[in-house]
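Q: This is the content of protein08.csv (CSV, N, CA and C atoms and all ligand atoms):
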chain,number,residue,atom,x,y,z
K,892,MET,N,163.1,-58.1,-123.2
K,892,MET,CA,163.7,-57.2,-124.2
K,892,MET,C,164.2,-55.9,-123.5
K,893,GLU,N,165.3,-55.4,-123.8
K,893,GLU,CA,165.8,-54.2,-123.3
K,893,GLU,C,166.1,-53.2,-124.5
K,894,LYS,N,165.9,-52.0,-124.1
K,894,LYS,CA,166.2,-50.9,-125.2
K,894,LYS,C,167.1,-49.9,-124.6
K,895,VAL,N,167.9,-49.3,-125.5
K,895,VAL,CA,168.8,-48.2,-125.0
K,895,VAL,C,168.2,-46.9,-125.4
K,896,LYS,N,168.3,-45.9,-124.5
K,896,LYS,CA,167.8,-44.6,-124.8
K,896,LYS,C,168.9,-43.5,-124.3
K,897,ILE,N,168.8,-42.4,-124.8
K,897,ILE,CA,169.6,-41.3,-124.4
K,897,ILE,C,168.8,-40.2,-123.6
K,898,ASP,N,169.2,-39.8,-122.5
K,898,ASP,CA,168.6,-38.7,-121.8
K,898,ASP,C,169.3,-37.4,-122.2
K,899,LYS,N,168.7,-36.7,-123.1
K,899,LYS,CA,169.4,-35.5,-123.7
K,899,LYS,C,169.6,-34.4,-122.7
K,900,ASP,N,168.8,-34.5,-121.6
K,900,ASP,CA,169.0,-33.4,-120.6
K,900,ASP,C,170.3,-33.7,-119.8
K,901,LEU,N,170.8,-34.9,-119.9
K,901,LEU,CA,172.1,-35.2,-119.2
K,901,LEU,C,173.3,-35.3,-120.1
K,902,CYS,N,173.1,-35.6,-121.4
K,902,CYS,CA,174.2,-35.8,-122.3
K,902,CYS,C,174.9,-34.5,-122.5
K,903,ILE,N,176.2,-34.5,-122.5
K,903,ILE,CA,177.0,-33.3,-122.8
K,903,ILE,C,177.7,-33.4,-124.1
K,904,GLY,N,177.4,-34.4,-125.0
K,904,GLY,CA,177.9,-34.4,-126.3
K,904,GLY,C,179.4,-34.7,-126.4
K,905,CYS,N,179.9,-35.5,-125.4
K,905,CYS,CA,181.3,-35.8,-125.4
K,905,CYS,C,181.8,-36.6,-126.6
K,906,GLY,N,180.8,-37.4,-127.1
K,906,GLY,CA,181.1,-38.2,-128.3
K,906,GLY,C,181.7,-39.6,-128.0
K,907,ALA,N,181.9,-39.9,-126.8
K,907,ALA,CA,182.5,-41.2,-126.4
K,907,ALA,C,181.6,-42.4,-126.9
K,908,CYS,N,180.3,-42.3,-126.7
K,908,CYS,CA,179.4,-43.4,-127.1
K,908,CYS,C,179.5,-43.6,-128.6
K,909,ALA,N,179.4,-42.6,-129.3
K,909,ALA,CA,179.4,-42.7,-130.8
K,909,ALA,C,180.7,-43.2,-131.3
K,910,ALA,N,181.8,-42.9,-130.6
K,910,ALA,CA,183.1,-43.3,-131.0
K,910,ALA,C,183.3,-44.8,-130.8
K,911,LEU,N,182.7,-45.3,-129.6
K,911,LEU,CA,182.9,-46.7,-129.2
K,911,LEU,C,181.9,-47.6,-129.8
K,912,CYS,N,180.7,-47.1,-130.1
K,912,CYS,CA,179.6,-47.9,-130.6
K,912,CYS,C,178.8,-47.2,-131.7
K,913,PRO,N,179.5,-47.0,-132.8
K,913,PRO,CA,178.9,-46.2,-133.9
K,913,PRO,C,177.7,-46.8,-134.5
K,914,LYS,N,177.5,-48.1,-134.3
K,914,LYS,CA,176.2,-48.7,-134.8
K,914,LYS,C,175.0,-48.4,-134.0
K,915,THR,N,175.3,-48.0,-132.8
K,915,THR,CA,174.2,-47.7,-131.8
K,915,THR,C,173.9,-46.2,-131.6
K,916,PHE,N,175.0,-45.5,-131.5
K,916,PHE,CA,174.9,-44.1,-131.2
K,916,PHE,C,175.5,-43.2,-132.3
K,917,GLU,N,175.0,-42.0,-132.4
K,917,GLU,CA,175.6,-41.0,-133.3
K,917,GLU,C,175.4,-39.6,-132.6
K,918,ILE,N,176.2,-38.7,-133.0
K,918,ILE,CA,176.0,-37.3,-132.5
K,918,ILE,C,175.1,-36.6,-133.5
K,919,GLY,N,174.0,-36.1,-133.0
K,919,GLY,CA,173.0,-35.5,-133.9
K,919,GLY,C,173.4,-34.0,-134.2
K,920,ASP,N,172.5,-33.4,-135.0
K,920,ASP,CA,172.6,-32.0,-135.3
K,920,ASP,C,172.7,-31.0,-134.1
K,921,ASP,N,172.1,-31.5,-133.0
K,921,ASP,CA,172.1,-30.7,-131.8
K,921,ASP,C,173.3,-30.9,-131.0
K,922,MET,N,174.3,-31.7,-131.5
K,922,MET,CA,175.6,-32.0,-130.9
K,922,MET,C,175.4,-32.9,-129.7
K,923,LEU,N,174.3,-33.5,-129.6
K,923,LEU,CA,174.0,-34.5,-128.5
K,923,LEU,C,173.9,-35.9,-129.1
K,924,ALA,N,174.1,-36.9,-128.2
K,924,ALA,CA,174.0,-38.3,-128.7
K,924,ALA,C,172.6,-38.6,-129.0
K,925,GLU,N,172.4,-39.5,-130.1
K,925,GLU,CA,171.1,-40.1,-130.3
K,925,GLU,C,171.3,-41.5,-130.6
K,926,VAL,N,170.2,-42.3,-130.4
K,926,VAL,CA,170.3,-43.7,-130.6
K,926,VAL,C,169.8,-44.0,-132.1
K,927,ILE,N,170.6,-44.7,-132.8
K,927,ILE,CA,170.2,-45.1,-134.2
K,927,ILE,C,169.7,-46.6,-134.3
K,928,ASP,N,170.1,-47.3,-133.2
K,928,ASP,CA,169.7,-48.7,-133.2
K,928,ASP,C,169.6,-49.1,-131.7
K,929,ASP,N,168.4,-49.3,-131.2
K,929,ASP,CA,168.2,-49.4,-129.8
K,929,ASP,C,168.4,-50.8,-129.2
K,930,GLU,N,168.9,-51.7,-130.0
K,930,GLU,CA,169.2,-53.1,-129.5
K,930,GLU,C,170.4,-53.0,-128.5
K,931,VAL,N,170.2,-53.7,-127.4
K,931,VAL,CA,171.2,-53.7,-126.3
K,931,VAL,C,172.1,-54.9,-126.4
K,932,ASN,N,173.4,-54.7,-126.4
K,932,ASN,CA,174.3,-55.8,-126.3
K,932,ASN,C,175.4,-55.5,-125.2
K,933,ASP,N,176.3,-56.4,-125.0
K,933,ASP,CA,177.3,-56.1,-123.9
K,933,ASP,C,178.1,-54.9,-124.2
K,934,GLU,N,178.4,-54.6,-125.4
K,934,GLU,CA,179.2,-53.4,-125.8
K,934,GLU,C,178.4,-52.2,-125.4
K,935,VAL,N,177.1,-52.2,-125.7
K,935,VAL,CA,176.2,-51.0,-125.4
K,935,VAL,C,176.2,-50.8,-123.9
K,936,LYS,N,176.1,-51.9,-123.2
K,936,LYS,CA,176.0,-51.8,-121.7
K,936,LYS,C,177.3,-51.2,-121.1
K,937,GLU,N,178.4,-51.6,-121.7
K,937,GLU,CA,179.7,-51.1,-121.2
K,937,GLU,C,179.8,-49.6,-121.5
K,938,VAL,N,179.4,-49.2,-122.7
K,938,VAL,CA,179.4,-47.8,-123.1
K,938,VAL,C,178.5,-47.0,-122.1
K,939,ALA,N,177.3,-47.6,-121.8
K,939,ALA,CA,176.4,-46.9,-121.0
K,939,ALA,C,177.0,-46.7,-119.6
K,940,GLU,N,177.7,-47.7,-119.1
K,940,GLU,CA,178.4,-47.5,-117.8
K,940,GLU,C,179.5,-46.5,-117.8
K,941,ASN,N,180.1,-46.3,-118.9
K,941,ASN,CA,181.2,-45.4,-119.0
K,941,ASN,C,180.8,-43.9,-119.5
K,942,CYS,N,179.5,-43.7,-119.8
K,942,CYS,CA,179.1,-42.4,-120.1
K,942,CYS,C,179.4,-41.5,-118.9
K,943,PRO,N,180.1,-40.3,-119.1
K,943,PRO,CA,180.5,-39.5,-117.9
K,943,PRO,C,179.3,-38.9,-117.2
K,944,THR,N,178.1,-38.8,-117.8
K,944,THR,CA,177.0,-38.2,-117.2
K,944,THR,C,175.8,-39.1,-117.0
K,945,GLU,N,176.1,-40.4,-117.2
K,945,GLU,CA,175.0,-41.5,-117.1
K,945,GLU,C,173.8,-41.1,-117.9
K,946,ALA,N,174.0,-40.6,-119.1
K,946,ALA,CA,172.9,-40.2,-119.9
K,946,ALA,C,172.3,-41.3,-120.7
K,947,ILE,N,173.0,-42.4,-120.8
K,947,ILE,CA,172.6,-43.6,-121.5
K,947,ILE,C,171.8,-44.5,-120.6
K,948,LYS,N,170.6,-44.7,-120.9
K,948,LYS,CA,169.7,-45.5,-120.1
K,948,LYS,C,169.3,-46.8,-120.8
K,949,ILE,N,169.4,-47.9,-120.0
K,949,ILE,CA,169.0,-49.2,-120.5
K,949,ILE,C,167.6,-49.5,-119.9
K,950,GLU,N,166.6,-49.6,-120.7
K,950,GLU,CA,165.2,-49.7,-120.2
K,950,GLU,C,164.7,-51.1,-120.5
K,951,LYS,N,164.1,-51.7,-119.5
K,951,LYS,CA,163.5,-53.0,-119.7
K,951,LYS,C,162.1,-52.8,-120.3
K,952,GLU,N,161.8,-53.6,-121.3
K,952,GLU,CA,160.5,-53.5,-121.9
K,952,GLU,C,159.7,-54.7,-121.5
K,953,ASP,N,158.4,-54.4,-121.1
K,953,ASP,CA,157.5,-55.4,-120.6
K,953,ASP,C,157.2,-56.4,-121.8
K,954,GLU,N,157.5,-57.7,-121.6
K,954,GLU,CA,157.3,-58.7,-122.6
K,954,GLU,C,155.8,-58.9,-123.0
K,955,ASP,N,154.9,-58.6,-122.0
K,955,ASP,CA,153.5,-58.8,-122.2
K,955,ASP,C,152.9,-57.8,-123.1
K,956,LYS,N,153.5,-56.6,-123.3
K,956,LYS,CA,152.9,-55.6,-124.1
K,956,LYS,C,152.9,-55.8,-125.6
P,1001,LIG,S1,179.0,-40.8,-123.8
P,1001,LIG,FE1,177.2,-39.9,-122.7
P,1001,LIG,S2,177.6,-37.7,-122.5
P,1001,LIG,FE2,179.0,-38.5,-124.1
P,1001,LIG,S3,177.9,-38.2,-126.0
P,1001,LIG,FE3,177.4,-40.3,-125.3
P,1001,LIG,S4,175.5,-40.0,-124.1
P,1001,LIG,FE4,176.4,-38.0,-124.3
I'd like the structure from this file rewritten - as structure tokens, please.
Ligand code: SF4
A:
Amino acid sequence: MEKVKIDKDLCIGCGACAALCPKTFEIGDDMLAEVIDDEVNDEVKEVAENCPTEAIKIEKEDEDK
């Protein structure tokens, strides 16, 4: 299982992720992106690759936990 996360220290709030993947990302009250659904799919991976500051992290979750 993989999960998507935002590193808020890197995010500049450009809004690209929320515009491209509104089911996964939204811009919060702090004007930075946040994850509303951490399920990873191909679209999410593509958005992560295109984040200008690489603030979108895809993390592998250990299956045994
Ligand atoms: S694309 Fe990257 S920098 Fe832009 S709002 Fe999303 S996480 Fe932040």
Q: At a cut-off of 12 Å and counting only C-alpha atoms and all ligand atoms, what residues surround ligand LIG 1001 (chain P)? Please answer as a count of residues only.
A: 45
Q: In Å, rounded to a single decimal, give me how far atom CA of K:Lys914 is from atom C of K:Glu893.
A: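 Distance between the two atoms: 15.1 Å.
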Q: Using atom N of K:Asp920 and atom C of K:Lys894 as the two end points, give the distance in Å to one decimal.
A: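 Separation of atom N of K:Asp920 and atom C of K:Lys894: 20.2 Å.
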Q: Just give me the gap between atom CA of K:Glu952 and atom C of K:Met892 in Å, one decimal is fine.
A: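 Interatomic distance, atom CA of K:Glu952 to atom C of K:Met892: 4.7 Å.
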Q: Please run DSSP on the backbone and report, as number ranges by chain, all residues within chain K that come out as strand (DSSP E or B).
A: K: 893-897, 916-918, 924-926, 930, 947-951
Q: With DSSP run on the backbone, what are the helix (DSSP H, G or I) residues within chain K? I'd like them as a list in words.
A: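 The helix (DSSP H, G or I) residues within chain K come out as Ala907, Cys908, Ala909, Ala910, Leu911, Asp933, Glu934, Val935, Lys936, Glu937, Val938, Ala939, Glu940 and Asn941 of chain K.
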